[in-house]
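File shown: target-v2.cif (mmCIF, C-alpha atoms).
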data_entry
#
loop_
_atom_site.label_atom_id
_atom_site.label_comp_id
_atom_site.auth_asym_id
_atom_site.auth_seq_id
_atom_site.Cartn_x
_atom_site.Cartn_y
_atom_site.Cartn_z
CA MET A 1 80.14 137.14 121.55
CA SER A 2 81.72 133.81 120.59
CA LEU A 3 85.48 133.41 120.70
CA PRO A 4 87.34 132.94 117.40
CA ALA A 5 88.12 129.36 116.44
CA PRO A 6 91.64 128.29 117.48
CA SER A 7 94.21 127.54 114.84
CA LEU A 8 95.09 123.89 114.38
CA ALA A 9 98.52 124.52 115.92
CA ASP A 10 96.91 126.10 119.01
CA TRP A 11 94.42 123.25 119.32
CA LEU A 12 97.17 120.65 119.13
CA SER A 13 99.43 122.47 121.58
CA SER A 14 96.76 123.03 124.22
CA HIS A 15 96.53 119.40 125.42
CA PRO A 16 98.03 115.97 124.63
CA PHE A 17 96.61 114.34 121.52
CA THR A 18 96.67 111.14 119.46
CA LEU A 19 97.55 111.15 115.78
CA GLY A 20 95.30 108.79 113.83
CA MET A 21 96.00 107.99 110.18
CA SER A 22 93.75 106.24 107.70
CA SER A 23 94.40 103.44 105.29
CA GLY A 24 94.83 104.41 101.66
CA PHE A 25 96.99 102.03 99.61
CA PHE A 26 100.34 103.84 99.14
CA GLY A 27 99.20 106.84 101.19
CA PHE A 28 102.11 106.40 103.59
CA PHE A 29 103.96 109.05 101.58
CA ALA A 30 101.31 111.65 102.47
CA HIS A 31 101.08 110.47 106.09
CA PHE A 32 104.82 110.95 106.47
CA GLY A 33 104.54 114.48 105.06
CA VAL A 34 102.03 115.29 107.81
CA VAL A 35 104.23 113.82 110.55
CA LYS A 36 107.28 115.67 109.24
CA ALA A 37 105.46 119.02 109.27
CA LEU A 38 104.19 118.46 112.81
CA ARG A 39 107.62 117.47 114.10
CA GLU A 40 109.34 120.47 112.48
CA SER A 41 106.71 122.69 114.08
CA GLY A 42 107.52 121.31 117.52
CA ILE A 43 104.30 119.33 117.78
CA SER A 44 104.45 115.66 118.77
CA PRO A 45 101.55 113.27 119.41
CA ASP A 46 101.37 111.35 122.67
CA ARG A 47 100.07 108.28 120.86
CA TYR A 48 99.71 106.95 117.31
CA THR A 49 96.99 104.83 115.78
CA GLY A 50 96.22 103.76 112.24
CA SER A 51 95.34 101.23 109.60
CA SER A 52 97.51 100.04 106.72
CA ALA A 53 99.46 103.06 105.37
CA GLY A 54 98.68 104.90 108.60
CA ALA A 55 99.85 101.98 110.70
CA LEU A 56 103.14 101.79 108.81
CA VAL A 57 104.06 105.44 109.38
CA GLY A 58 102.64 105.65 112.89
CA ALA A 59 104.41 102.54 114.14
CA CYS A 60 107.78 103.44 112.59
CA VAL A 61 107.70 106.93 114.09
CA ALA A 62 106.42 105.69 117.46
CA ALA A 63 109.23 103.11 117.52
CA GLY A 64 111.81 105.87 117.28
CA CYS A 65 112.87 105.54 113.65
CA PRO A 66 114.60 108.88 112.87
CA LEU A 67 112.50 110.95 110.48
CA ASP A 68 115.50 111.57 108.21
CA THR A 69 116.07 107.82 107.92
CA LEU A 70 112.43 107.09 107.22
CA GLU A 71 112.17 109.87 104.64
CA GLN A 72 115.29 108.72 102.82
CA ARG A 73 113.97 105.17 102.71
CA LEU A 74 110.61 106.29 101.34
CA LEU A 75 112.21 108.48 98.71
CA SER A 76 114.50 105.65 97.59
CA LEU A 77 111.74 103.03 97.53
CA SER A 78 111.56 100.97 94.36
CA LYS A 79 109.16 98.24 93.29
CA SER A 80 111.87 95.62 93.68
CA ASP A 81 112.05 96.41 97.42
CA PHE A 82 108.71 94.69 98.04
CA TRP A 83 107.78 92.85 94.84
CA ASP A 84 108.17 89.11 95.51
CA PRO A 85 105.41 87.14 93.73
CA ALA A 86 104.85 83.61 94.99
CA PRO A 87 101.97 81.08 95.08
CA GLY A 88 99.59 81.68 97.97
CA LEU A 89 96.62 83.74 99.17
CA GLY A 90 97.88 86.87 97.47
CA LEU A 91 100.25 87.87 94.69
CA LEU A 92 103.17 88.90 96.90
CA GLN A 93 104.73 86.66 99.53
CA GLY A 94 105.63 89.61 101.75
CA ARG A 95 109.12 88.51 102.80
CA GLN A 96 110.77 91.56 101.24
CA PHE A 97 108.22 93.92 102.82
CA ARG A 98 108.89 92.34 106.20
CA SER A 99 112.64 92.71 105.64
CA LEU A 100 112.17 96.40 104.82
CA LEU A 101 110.20 96.90 108.05
CA SER A 102 112.80 95.01 110.07
CA ASP A 103 115.54 97.29 108.77
CA LEU A 104 113.55 100.40 109.75
CA LEU A 105 112.28 99.42 113.20
CA PRO A 106 114.59 99.92 116.20
CA VAL A 107 112.36 97.70 118.40
CA GLU A 108 111.16 94.11 118.09
CA GLY A 109 107.94 94.33 120.08
CA LEU A 110 105.05 96.67 119.34
CA ALA A 111 104.64 97.26 123.08
CA ASP A 112 108.27 98.42 123.33
CA THR A 113 107.88 101.59 121.27
CA PRO A 114 108.89 104.78 123.16
CA VAL A 115 105.54 106.32 122.17
CA PRO A 116 102.42 104.12 122.44
CA VAL A 117 100.99 102.87 119.16
CA ALA A 118 97.99 100.76 118.15
CA VAL A 119 97.38 99.36 114.66
CA SER A 120 94.24 97.83 113.22
CA ALA A 121 94.22 94.52 111.35
CA TRP A 122 91.41 92.34 110.01
CA HIS A 123 91.15 88.91 111.64
CA GLY A 124 90.24 86.38 108.98
CA ARG A 125 88.51 83.78 111.18
CA SER A 126 86.24 86.19 113.07
CA ARG A 127 85.95 88.61 110.14
CA ARG A 128 86.41 91.50 112.53
CA THR A 129 88.92 94.24 113.19
CA ARG A 130 91.42 93.57 115.94
CA VAL A 131 93.58 96.24 117.52
CA LEU A 132 97.21 95.18 117.87
CA GLN A 133 99.29 96.85 120.59
CA SER A 134 101.78 94.12 121.42
CA GLY A 135 103.56 91.19 119.81
CA ASN A 136 106.09 91.19 116.99
CA ALA A 137 106.16 94.70 115.53
CA VAL A 138 107.08 93.66 112.00
CA GLU A 139 104.28 91.10 111.73
CA ALA A 140 101.72 93.47 113.29
CA ILE A 141 102.51 96.24 110.81
CA TYR A 142 102.63 93.78 107.93
CA ALA A 143 99.21 92.47 108.99
CA SER A 144 97.73 95.94 108.96
CA CYS A 145 99.18 96.55 105.47
CA ALA A 146 98.37 93.18 103.86
CA VAL A 147 96.00 94.33 101.11
CA PRO A 148 93.86 91.31 100.10
CA GLY A 149 94.85 89.91 96.74
CA LEU A 150 98.11 91.85 96.68
CA PHE A 151 99.86 90.56 99.82
CA GLN A 152 99.57 87.13 101.37
CA PRO A 153 98.13 87.29 104.91
CA ALA A 154 100.12 87.78 108.08
CA SER A 155 100.28 84.97 110.62
CA ILE A 156 99.89 85.88 114.29
CA ASP A 157 99.48 83.10 116.85
CA GLY A 158 98.53 80.76 114.02
CA GLN A 159 95.75 83.06 112.82
CA LYS A 160 95.55 84.88 109.48
CA TYR A 161 95.29 88.67 109.34
CA TRP A 162 94.80 91.11 106.48
CA ASP A 163 94.71 94.86 105.90
CA GLY A 164 93.21 96.88 108.75
CA GLY A 165 91.45 99.15 106.30
CA ILE A 166 89.01 96.38 105.35
CA ALA A 167 86.71 97.27 108.25
CA ASP A 168 88.53 100.17 109.94
CA ARG A 169 89.63 102.49 107.15
CA HIS A 170 89.91 105.40 109.58
CA GLY A 171 92.33 103.48 111.80
CA LEU A 172 90.56 104.73 114.92
CA ALA A 173 89.31 101.46 116.39
CA SER A 174 91.58 101.86 119.42
CA CYS A 175 90.40 105.39 120.25
CA TRP A 176 88.01 105.87 123.13
CA PRO A 177 85.06 108.31 123.14
CA GLY A 178 86.23 111.85 123.81
CA GLU A 179 89.92 111.14 123.16
CA ARG A 180 91.66 114.17 121.62
CA VAL A 181 92.61 113.05 118.13
CA LEU A 182 94.08 114.67 115.04
CA TYR A 183 92.95 112.39 112.24
CA HIS A 184 94.61 112.58 108.82
CA HIS A 185 92.05 111.38 106.32
CA LEU A 186 93.31 110.25 102.91
CA GLN A 187 90.75 111.24 100.32
CA SER A 188 91.61 108.61 97.72
CA ARG A 189 89.16 105.75 97.09
CA SER A 190 90.35 102.14 96.96
CA PRO A 191 89.17 100.16 93.90
CA TRP A 192 86.91 97.88 95.97
CA ARG A 193 84.97 100.72 97.64
CA SER A 194 81.92 102.40 96.18
CA ARG A 195 81.80 106.18 96.02
CA GLN A 196 79.04 106.10 98.66
CA SER A 197 81.06 104.01 101.13
CA ALA A 198 80.82 105.26 104.72
CA ALA A 199 84.54 104.55 105.06
CA LEU A 200 85.26 107.50 102.77
CA ILE A 201 83.44 109.95 105.05
CA PRO A 202 85.60 111.46 107.82
CA PRO A 203 84.19 110.73 111.29
CA LEU A 204 82.64 113.51 113.33
CA ARG A 205 82.97 113.17 117.09
CA PRO A 206 83.85 115.32 120.12
CA ASN A 207 87.55 116.24 120.47
CA LEU A 208 88.44 114.86 117.03
CA VAL A 209 89.80 117.15 114.33
CA THR A 210 90.01 115.82 110.78
CA LEU A 211 92.79 117.07 108.51
CA THR A 212 92.06 116.63 104.81
CA LEU A 213 94.51 117.57 102.08
CA ASP A 214 92.87 117.71 98.67
CA GLY A 215 94.69 117.18 95.40
CA LEU A 216 97.42 114.79 96.53
CA PRO A 217 98.82 112.67 93.69
CA ARG A 218 97.79 109.01 93.87
CA SER A 219 100.68 106.58 94.11
CA GLY A 220 101.04 102.83 93.67
CA PRO A 221 103.57 100.09 92.87
CA ASN A 222 104.00 101.44 89.34
CA LYS A 223 103.67 105.13 90.27
CA LEU A 224 106.12 105.56 93.13
CA ASP A 225 107.29 108.87 91.64
CA GLN A 226 103.85 110.28 92.46
CA GLY A 227 104.36 109.21 96.06
CA TYR A 228 107.48 111.35 96.29
CA VAL A 229 105.47 114.35 95.10
CA ALA A 230 102.59 113.53 97.47
CA LEU A 231 105.01 113.57 100.41
CA GLU A 232 106.19 117.08 99.61
CA HIS A 233 102.66 118.34 98.89
CA ALA A 234 101.37 116.92 102.18
CA TYR A 235 104.30 118.39 104.11
CA ARG A 236 103.78 121.89 102.77
CA ALA A 237 100.00 121.71 103.03
CA THR A 238 100.20 120.63 106.67
CA LEU A 239 102.48 123.56 107.49
CA GLN A 240 99.77 125.82 106.10
CA ALA A 241 96.99 123.88 107.83
CA LEU A 242 98.57 124.54 111.22
CA HIS A 243 97.68 128.23 110.79
CA GLN A 244 94.10 127.54 109.69
CA PRO A 245 91.17 127.73 112.12
CA VAL A 246 89.52 124.53 113.29
CA THR A 247 85.98 124.79 111.95
CA LEU A 248 83.35 122.22 112.89
CA GLY A 249 86.05 119.73 113.74
CA ARG A 250 87.85 120.01 110.41
CA VAL A 251 90.77 121.68 108.68
CA HIS A 252 90.81 121.45 104.89
CA VAL A 253 93.68 122.50 102.61
CA PHE A 254 94.10 122.15 98.85
CA ALA A 255 97.48 120.46 98.71
CA ASN A 256 97.91 120.88 94.97
CA ASP A 257 98.27 124.63 95.49
CA MET A 258 101.31 124.18 97.76
CA LEU A 259 103.92 123.71 95.06
CA GLY A 260 104.54 125.48 91.82
CA ALA A 261 104.09 123.89 88.46
CA GLY A 262 107.80 123.09 88.45
CA CYS A 263 107.57 120.60 91.33
CA GLN A 264 109.30 117.36 90.44
CA ALA A 265 109.85 114.11 92.27
CA PRO A 266 113.33 113.55 93.74
CA ASP A 267 115.56 111.11 91.89
CA ALA A 268 114.80 107.57 93.06
#
Let's see the structure in the file written out as structure tokens.
Amino acid sequence: MSLPAPSLADWLSSHPFTLGMSSGFFGFFAHFGVVKALRESGISPDRYTGSSAGALVGACVAAGCPLDTLEQRLLSLSKSDFWDPAPGLGLLQGRQFRSLLSDLLPVEGLADTPVPVAVSAWHGRSRRTRVLQSGNAVEAIYASCAVPGLFQPASIDGQKYWDGGIADRHGLASCWPGERVLYHHLQSRSPWRSRQSAALIPPLRPNLVTLTLDGLPRSGPNKLDQGYVALEHAYRATLQALHQPVTLGRVHVFANDMLGAGCQAPDA
């Protein structure tokens, strides 16, 4: 007789694990909801990895940014906090985004975070993903988040870098075979990806559990209020997911069932 599948909470608590988080435009709201639920449940990753939105949340948390501080900053985020159009290889210059990151991060170097973190960025010259684990933390995170066409590229050692999700949407390039990973997969599709893109399919590998939360509102520069709702949906859905069995390497929750019809975004 086979043993019953462990709950996600039991699986996470049994051995150290890495939290990997995908890219997904403004999906950092949802990623934070997952991290908040894990932390409140007494579950903490031993390492973080991610691309773009996943890199932003993972690096800030790994660096020791208090969750209350990070949540308050996300819930007070306005378009003017990062919207700085200027001529260049992208609409936004990125100075305000870098300033926002600098205010949040309690460390200067990516290698100085209390919990190890690795972020993926796309190296323009080689046209390949590079995993960043050291160097200036602000520029590394900015590089991983620099959506082509929206943000001008990051500059690291004189080289240009763009969004890590270009070739590593899952944000798992730094993970080794067999590493125990909880991977939060954002379901939303970026405008430049086809519906058949392999990047939209969660990976299936030994010791990796994919958490998918269906029905999260899609946010963006002009829909930040939906991000506030996505954070709360993801938080509540993850609390439920922790009690669900791990089946074939996946845990799937319908996040839009977590809140009543009266759910509203907090005041910005």
Skip A:Gly149 itself and residues of its chain fewer than 2 positions away, then list as a short mmCIF file (atom, residue, chain, number, x, y, z; two decimals) with C-alpha atoms, in the coordinates of the input all residues within 8 Å of it, counting only C-alpha atoms.
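Writing done, so here's around_5.cif:
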data_model
loop_
_atom_site.label_atom_id
_atom_site.label_comp_id
_atom_site.auth_asym_id
_atom_site.auth_seq_id
_atom_site.Cartn_x
_atom_site.Cartn_y
_atom_site.Cartn_z
CA LEU A 89 96.62 83.74 99.17
CA GLY A 90 97.88 86.87 97.47
CA LEU A 91 100.25 87.87 94.69
CA VAL A 147 96.00 94.33 101.11
CA PHE A 151 99.86 90.56 99.82
CA GLN A 152 99.57 87.13 101.37
#
Quick one: which residues end up in the PyMOL selection byres ((chain A and resi 247) around 10) for this structure, as a VMD selection string?
chain A and resid 4 to 8 209 to 210 244 to 246 248 to 252
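Applying the 9 Å criterion to (94.7, 93.2, 101.3) in file coordinates and using all atoms listed in the file, one obtains the residues A:Gly90, A:Ala143, A:Ser144, A:Cys145, A:Ala146, A:Val147, A:Pro148, A:Gly149, A:Leu150, A:Phe151, A:Gln152, A:Pro153, A:Trp162, A:Asp163, A:Gly164, A:Gly165, A:Ile166.
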Given the file shown, determine the residues that the PyMOL selection byres ((chain A and resi 120) around 12) selects; report them as a VMD selection string.
chain A and resid 20 to 23 48 to 56 58 to 59 117 to 119 121 to 123 128 to 134 140 to 146 161 to 175
Could those residues be written to a file, using C-alpha atoms, as a CSV table (one decimal), keeping the file's coordinate frame?
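What ended up in result_5.csv:
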chain,number,residue,atom,x,y,z
A,20,GLY,CA,95.3,108.8,113.8
A,21,MET,CA,96.0,108.0,110.2
A,22,SER,CA,93.8,106.2,107.7
A,23,SER,CA,94.4,103.4,105.3
A,48,TYR,CA,99.7,107.0,117.3
A,49,THR,CA,97.0,104.8,115.8
A,50,GLY,CA,96.2,103.8,112.2
A,51,SER,CA,95.3,101.2,109.6
A,52,SER,CA,97.5,100.0,106.7
A,53,ALA,CA,99.5,103.1,105.4
A,54,GLY,CA,98.7,104.9,108.6
A,55,ALA,CA,99.8,102.0,110.7
A,56,LEU,CA,103.1,101.8,108.8
A,58,GLY,CA,102.6,105.6,112.9
A,59,ALA,CA,104.4,102.5,114.1
A,117,VAL,CA,101.0,102.9,119.2
A,118,ALA,CA,98.0,100.8,118.2
A,119,VAL,CA,97.4,99.4,114.7
A,121,ALA,CA,94.2,94.5,111.4
A,122,TRP,CA,91.4,92.3,110.0
A,123,HIS,CA,91.2,88.9,111.6
A,128,ARG,CA,86.4,91.5,112.5
A,129,THR,CA,88.9,94.2,113.2
A,130,ARG,CA,91.4,93.6,115.9
A,131,VAL,CA,93.6,96.2,117.5
A,132,LEU,CA,97.2,95.2,117.9
A,133,GLN,CA,99.3,96.8,120.6
A,134,SER,CA,101.8,94.1,121.4
A,140,ALA,CA,101.7,93.5,113.3
A,141,ILE,CA,102.5,96.2,110.8
A,142,TYR,CA,102.6,93.8,107.9
A,143,ALA,CA,99.2,92.5,109.0
A,144,SER,CA,97.7,95.9,109.0
A,145,CYS,CA,99.2,96.6,105.5
A,146,ALA,CA,98.4,93.2,103.9
A,161,TYR,CA,95.3,88.7,109.3
A,162,TRP,CA,94.8,91.1,106.5
A,163,ASP,CA,94.7,94.9,105.9
A,164,GLY,CA,93.2,96.9,108.8
A,165,GLY,CA,91.4,99.2,106.3
A,166,ILE,CA,89.0,96.4,105.4
A,167,ALA,CA,86.7,97.3,108.2
A,168,ASP,CA,88.5,100.2,109.9
A,169,ARG,CA,89.6,102.5,107.2
A,170,HIS,CA,89.9,105.4,109.6
A,171,GLY,CA,92.3,103.5,111.8
A,172,LEU,CA,90.6,104.7,114.9
A,173,ALA,CA,89.3,101.5,116.4
A,174,SER,CA,91.6,101.9,119.4
A,175,CYS,CA,90.4,105.4,120.2
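Running the PyMOL selection byres ((chain A and resi 212) around 7) on this file leaves A:His184, A:His185, A:Leu186, A:Thr210, A:Leu211, A:Leu213, A:Asp214, A:Val251, A:His252, A:Val253 selected.
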Extract, using only C-alpha atoms, all DNA, RNA and protein residues at most 10 Å from A:Leu70, discarding same-chain residues fewer than 2 positions from it, and format them as an NGL selection string.
:A and (32 or 57 or 60-61 or 65-68 or 72-76 or 104-105)
Set the distance at 9 Å and use all atoms listed in the file: which residues neighbour A:Gln159 once local chain neighbours fewer than 5 positions away are removed? I'd like the list as JSON, numbers by chain.
{"A": [123, 124, 125, 154]}
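Between A:Ser44 and the candidates A:Leu216, A:Gln187, A:Leu101, A:Ala9, the tightest atom-to-atom separation, counting all atoms listed in the file, involves A:Ala9.
In this model, the gap between atom CA of A:Pro45 and atom CA of A:Ala63 comes to 12.9 Å.
The closest residue to A:Leu239, picked from A:Leu200, A:Leu224, A:Leu38, A:Val115 and counting all atoms listed in the file, is A:Leu38.
Across A:Leu77, A:Leu182, A:Val107, A:Ala30, the tightest approach to A:Ala234 is made by A:Ala30 when counting all atoms listed in the file.
Straight-line separation from atom CA of A:Ser78 to atom CA of A:Pro114: 29.2 Å.
Counting all atoms listed in the file, the residue from A:Ser99, A:Gln240, A:Asn222, A:Ser41 that sits nearest to A:Phe26 is A:Asn222.
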Complete the atoms of stretch 121-132 of chain A to all heavy atoms and put them out as a PDB file, keeping the file's coordinate frame.
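The resulting file, result-v2.pdb, is shown below:
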ATOM      1  N   ALA A 121      94.084  95.585 112.347  1.00  0.00           N
ATOM      2  CA  ALA A 121      94.220  94.520 111.350  1.00  0.00           C
ATOM      3  C   ALA A 121      92.916  93.734 111.325  1.00  0.00           C
ATOM      4  O   ALA A 121      92.154  93.723 112.296  1.00  0.00           O
ATOM      5  CB  ALA A 121      95.399  93.606 111.696  1.00  0.00           C
ATOM      6  N   TRP A 122      92.661  93.093 110.193  1.00  0.00           N
ATOM      7  CA  TRP A 122      91.410  92.340 110.010  1.00  0.00           C
ATOM      8  C   TRP A 122      91.665  90.874 110.245  1.00  0.00           C
ATOM      9  O   TRP A 122      92.467  90.252 109.550  1.00  0.00           O
ATOM     10  CB  TRP A 122      90.874  92.591 108.609  1.00  0.00           C
ATOM     11  CG  TRP A 122      89.469  92.153 108.387  1.00  0.00           C
ATOM     12  CD1 TRP A 122      88.330  92.775 108.805  1.00  0.00           C
ATOM     13  CD2 TRP A 122      89.036  91.003 107.643  1.00  0.00           C
ATOM     14  NE1 TRP A 122      87.216  92.090 108.386  1.00  0.00           N
ATOM     15  CE2 TRP A 122      87.621  90.987 107.662  1.00  0.00           C
ATOM     16  CE3 TRP A 122      89.720  89.981 106.967  1.00  0.00           C
ATOM     17  CZ2 TRP A 122      86.874  90.010 107.039  1.00  0.00           C
ATOM     18  CZ3 TRP A 122      88.981  88.985 106.338  1.00  0.00           C
ATOM     19  CH2 TRP A 122      87.570  89.004 106.371  1.00  0.00           C
ATOM     20  N   HIS A 123      90.985  90.316 111.250  1.00  0.00           N
ATOM     21  CA  HIS A 123      91.150  88.910 111.640  1.00  0.00           C
ATOM     22  C   HIS A 123      90.286  88.033 110.745  1.00  0.00           C
ATOM     23  O   HIS A 123      89.053  88.151 110.743  1.00  0.00           O
ATOM     24  CB  HIS A 123      90.761  88.747 113.112  1.00  0.00           C
ATOM     25  CG  HIS A 123      90.947  87.365 113.632  1.00  0.00           C
ATOM     26  ND1 HIS A 123      89.946  86.669 114.275  1.00  0.00           N
ATOM     27  CD2 HIS A 123      92.028  86.534 113.609  1.00  0.00           C
ATOM     28  CE1 HIS A 123      90.394  85.471 114.628  1.00  0.00           C
ATOM     29  NE2 HIS A 123      91.644  85.375 114.237  1.00  0.00           N
ATOM     30  N   GLY A 124      90.955  87.154 109.970  1.00  0.00           N
ATOM     31  CA  GLY A 124      90.240  86.380 108.980  1.00  0.00           C
ATOM     32  C   GLY A 124      89.178  85.456 109.541  1.00  0.00           C
ATOM     33  O   GLY A 124      88.087  85.349 108.988  1.00  0.00           O
ATOM     34  N   ARG A 125      89.465  84.770 110.657  1.00  0.00           N
ATOM     35  CA  ARG A 125      88.510  83.780 111.180  1.00  0.00           C
ATOM     36  C   ARG A 125      87.248  84.451 111.716  1.00  0.00           C
ATOM     37  O   ARG A 125      86.136  84.015 111.417  1.00  0.00           O
ATOM     38  CB  ARG A 125      89.170  82.949 112.272  1.00  0.00           C
ATOM     39  CG  ARG A 125      88.208  81.969 112.951  1.00  0.00           C
ATOM     40  CD  ARG A 125      88.933  81.025 113.890  1.00  0.00           C
ATOM     41  NE  ARG A 125      89.782  80.093 113.154  1.00  0.00           N
ATOM     42  CZ  ARG A 125      90.505  79.134 113.746  1.00  0.00           C
ATOM     43  NH1 ARG A 125      90.480  79.002 115.062  1.00  0.00           N
ATOM     44  NH2 ARG A 125      91.243  78.326 113.037  1.00  0.00           N
ATOM     45  N   SER A 126      87.408  85.527 112.488  1.00  0.00           N
ATOM     46  CA  SER A 126      86.240  86.190 113.070  1.00  0.00           C
ATOM     47  C   SER A 126      85.624  87.219 112.129  1.00  0.00           C
ATOM     48  O   SER A 126      84.517  87.699 112.365  1.00  0.00           O
ATOM     49  CB  SER A 126      86.621  86.876 114.383  1.00  0.00           C
ATOM     50  OG  SER A 126      87.518  87.954 114.151  1.00  0.00           O
ATOM     51  N   ARG A 127      86.374  87.593 111.081  1.00  0.00           N
ATOM     52  CA  ARG A 127      85.950  88.610 110.140  1.00  0.00           C
ATOM     53  C   ARG A 127      85.661  89.936 110.841  1.00  0.00           C
ATOM     54  O   ARG A 127      84.691  90.632 110.539  1.00  0.00           O
ATOM     55  CB  ARG A 127      84.728  88.138 109.332  1.00  0.00           C
ATOM     56  CG  ARG A 127      84.968  86.843 108.574  1.00  0.00           C
ATOM     57  CD  ARG A 127      83.742  86.388 107.811  1.00  0.00           C
ATOM     58  NE  ARG A 127      83.431  87.286 106.719  1.00  0.00           N
ATOM     59  CZ  ARG A 127      84.008  87.249 105.511  1.00  0.00           C
ATOM     60  NH1 ARG A 127      84.977  86.363 105.275  1.00  0.00           N
ATOM     61  NH2 ARG A 127      83.646  88.069 104.574  1.00  0.00           N
ATOM     62  N   ARG A 128      86.532  90.262 111.770  1.00  0.00           N
ATOM     63  CA  ARG A 128      86.410  91.500 112.530  1.00  0.00           C
ATOM     64  C   ARG A 128      87.758  92.196 112.649  1.00  0.00           C
ATOM     65  O   ARG A 128      88.815  91.565 112.516  1.00  0.00           O
ATOM     66  CB  ARG A 128      85.860  91.230 113.939  1.00  0.00           C
ATOM     67  CG  ARG A 128      84.423  90.730 113.970  1.00  0.00           C
ATOM     68  CD  ARG A 128      83.980  90.455 115.399  1.00  0.00           C
ATOM     69  NE  ARG A 128      82.607  89.981 115.464  1.00  0.00           N
ATOM     70  CZ  ARG A 128      81.537  90.774 115.521  1.00  0.00           C
ATOM     71  NH1 ARG A 128      81.706  92.093 115.532  1.00  0.00           N
ATOM     72  NH2 ARG A 128      80.327  90.258 115.583  1.00  0.00           N
ATOM     73  N   THR A 129      87.705  93.478 112.935  1.00  0.00           N
ATOM     74  CA  THR A 129      88.920  94.240 113.190  1.00  0.00           C
ATOM     75  C   THR A 129      89.458  93.896 114.570  1.00  0.00           C
ATOM     76  O   THR A 129      88.692  93.799 115.539  1.00  0.00           O
ATOM     77  CB  THR A 129      88.643  95.759 113.134  1.00  0.00           C
ATOM     78  OG1 THR A 129      88.234  96.102 111.812  1.00  0.00           O
ATOM     79  CG2 THR A 129      89.888  96.559 113.497  1.00  0.00           C
ATOM     80  N   ARG A 130      90.753  93.721 114.649  1.00  0.00           N
ATOM     81  CA  ARG A 130      91.420  93.570 115.940  1.00  0.00           C
ATOM     82  C   ARG A 130      92.489  94.647 116.060  1.00  0.00           C
ATOM     83  O   ARG A 130      93.201  94.928 115.092  1.00  0.00           O
ATOM     84  CB  ARG A 130      92.030  92.181 116.089  1.00  0.00           C
ATOM     85  CG  ARG A 130      90.979  91.089 116.251  1.00  0.00           C
ATOM     86  CD  ARG A 130      91.561  89.792 116.750  1.00  0.00           C
ATOM     87  NE  ARG A 130      90.514  88.787 116.959  1.00  0.00           N
ATOM     88  CZ  ARG A 130      90.743  87.532 117.322  1.00  0.00           C
ATOM     89  NH1 ARG A 130      92.003  87.122 117.511  1.00  0.00           N
ATOM     90  NH2 ARG A 130      89.753  86.691 117.492  1.00  0.00           N
ATOM     91  N   VAL A 131      92.571  95.217 117.242  1.00  0.00           N
ATOM     92  CA  VAL A 131      93.580  96.240 117.520  1.00  0.00           C
ATOM     93  C   VAL A 131      94.810  95.563 118.089  1.00  0.00           C
ATOM     94  O   VAL A 131      94.729  94.848 119.090  1.00  0.00           O
ATOM     95  CB  VAL A 131      93.034  97.296 118.497  1.00  0.00           C
ATOM     96  CG1 VAL A 131      94.134  98.274 118.881  1.00  0.00           C
ATOM     97  CG2 VAL A 131      91.861  98.040 117.867  1.00  0.00           C
ATOM     98  N   LEU A 132      95.955  95.779 117.441  1.00  0.00           N
ATOM     99  CA  LEU A 132      97.210  95.180 117.870  1.00  0.00           C
ATOM    100  C   LEU A 132      98.067  96.225 118.566  1.00  0.00           C
ATOM    101  O   LEU A 132      98.361  97.280 117.996  1.00  0.00           O
ATOM    102  CB  LEU A 132      97.961  94.601 116.670  1.00  0.00           C
ATOM    103  CG  LEU A 132      97.163  93.627 115.781  1.00  0.00           C
ATOM    104  CD1 LEU A 132      98.006  93.192 114.595  1.00  0.00           C
ATOM    105  CD2 LEU A 132      96.682  92.427 116.594  1.00  0.00           C
TER     106      LEU A 132
END
